[in-house]
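Reading through the structure tokens given below for one structure.
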Amino acid sequence: MPKTKKKTYLLWSAIVLVILLTGCGPTKVKEDKPEAEQQEKGAHKLSDKDKNIITEDIKSLFAETWDPQHYRIDNISVQFLNEQDEGDKTSVDANVSYTMTLIRNPADSPLIRGMKEALAKIKPDDERKIAQDMIDGYLKEKEPEFNQEQQLSLPLKVEVTNNGNDDLEYQLLYPVTNGEEITLHPAREYFLENFKEDEAAQEKMGEDMINEEITRAKG
């Protein structure tokens with residue numbers, strides 16, 4: 001082989017060797033999952049439509065909790081704050097403001113009915129006076145609230161599942177504070193158990209309050 005050709009051959013061999021060693025040759029394409037499948041599920045940002053859906057859910061919960069024949073609730077508005085991505089879910093504070101009006105006369109409440117039932121069973125005049133004084137005191141305290149609109153607010157937490165699409169999947173939670181500890185409860189279950197009026201339980205409480213007051217006063 002002529003020297004010139006030999007030198008040229010050796011030069012090209014060296015170049016090819018360098019390319020192979022440095023990895024500058026063609027890159028092999030990985031046959032992995034599509035890029036869309038490799039991406040992690042991102043935080044769900046609440047749209048105006050999402051906020052309207054959650055607000056209507058809250059209004060329905062309020063109507064289910066507070067009997068509209070006893071309370072009138074108006075002007076419900078929800079302020080959504082502090083969206084925080086927590087991996088598989090997005091946490092959002094929902095501060096609810098509303099007006100509530102007691103439209104049932106306090107004298108017709110089940111608590112007073114229970115007190116009056118206890119009074120009807122009492123014979124001694126001194127005990128009847130104790131019972132009547134307690135009923136009058138309760139009514140005096142509650143009557144100023146009758147037909148008076150109160151501006152109230154209530155905190156809720158919304159946990160939205162980050163499902164990787166635009167479908168809204170969420171849970172309403174009610175935070176309960178005990179000292180420095182905050183526990184989140186499913187809002188509907190907590191409201192119906194703790195805020196919805198149980199008439200039978202209220203009547204029983206009214207009777208017990210009268211009997212306990214008489215025992216205390218005479219003890």
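In the structure tokens, each chain is lettered A, B, ... as it comes, each chain's residues begin at 1, and ligands are numbered from 1 in order of appearance.
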Open item on the list: What's around segment 192-206 of chain A at 7 Å? Count only C-alpha atoms, leave out sequence neighbours fewer than 4 positions away in its own chain, and write the answer as a list in words.
Closed with: Thr65, Trp66, Pro110, Leu111, Ile112, Arg113, Gly114, Met115, Arg188 and Ile210 of chain A
TODO: Please report, as a ChimeraX atom specification, each residue of chain A to which DSSP assigns alpha helix (DSSP H) when run on this structure's backbone.
DONE: /A:3-22,35-38,48-65,110-121,125-142,187-194,199-218
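Each of A:Asn82, A:Asn95, A:Ser109, A:Gln69 was compared to Ile135 of chain A using only C-alpha atoms, and A:Ser109 turns out to be the nearest.
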Task: Separation of atom CA of Ile122 of chain A from atom CA of Ala217 of chain A, in Å and rounded to one decimal - done: 14.6 Å
- [ ] Name all residues at most 12 Å from Pro144 of chain A (count only C-alpha atoms; drop same-chain ones fewer than 2 positions away) and give them as a list in words.
- [x]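 Here the answer would be Thr101, Leu102, Ile103, Asn105, Pro106, Tyr138, Leu139, Lys140, Glu141, Lys142, Phe146, Asn147, Gln148, Glu149 and Gln150 of chain A.
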